[in-house]
Amino acid sequence: MAASRRRGRLTAVAAVIATAALTAGLTTGCDAVNKALDCVQTADSIADSVTDLQQAVENASNDPTQLDQSLARIDNNLDKIGDKTDNADVNKAVDNLNKAVQNVRTAIKNGDNTPDVSPVTDAAGELTKVCTS
């Protein structure tokens, strides 16, 4: 009888441990899915901001403040995505996009009213690719 009780307790303990492990696995899985969705949504917002930036460059003679506003939106979205991920590829893509944005800011500061934004576009495309792979 004692062996039967011990076996019953071991079975109950094993069931609790299995349930806890399964719950942890599901929670971790959901957390990973949520992070991926955040990455995709933020990358999509960045893509919209890059489109705005391209249009701002085209219209720079009409309203030069649009350039700064577009760059600020990209910076804001990069801060969001950088805070939400620990993925090395995403972080590298964010760093590359930050550098491209900084280069555009430097060009504007140096008097270039129509800076080349293709590196920003390329880096944003890479971030989107990394987030969706």
# chains A, B, ... in the order shown; residues from 1 in each chain; ligands from 1
>>> residues_around(residues="segment 101-108 of chain A", least_positions_apart="4", cutoff="12 Å", atoms="only C-alpha atoms", output="ChimeraX atom specification")
/A:46,49-50,53-54,57,60,64-76,78,94-97,112-124
>>> atom_distance(atom1="atom CA of Asn62 of chain A", atom2="atom CA of Asn110 of chain A")
18.8 Å
>>> atom_distance(atom1="atom CA of Val40 of chain A", atom2="atom CA of Asn91 of chain A")
13.6 Å
>>> atom_distance(atom1="atom CA of Lys92 of chain A", atom2="atom CA of Thr42 of chain A")
15.3 Å
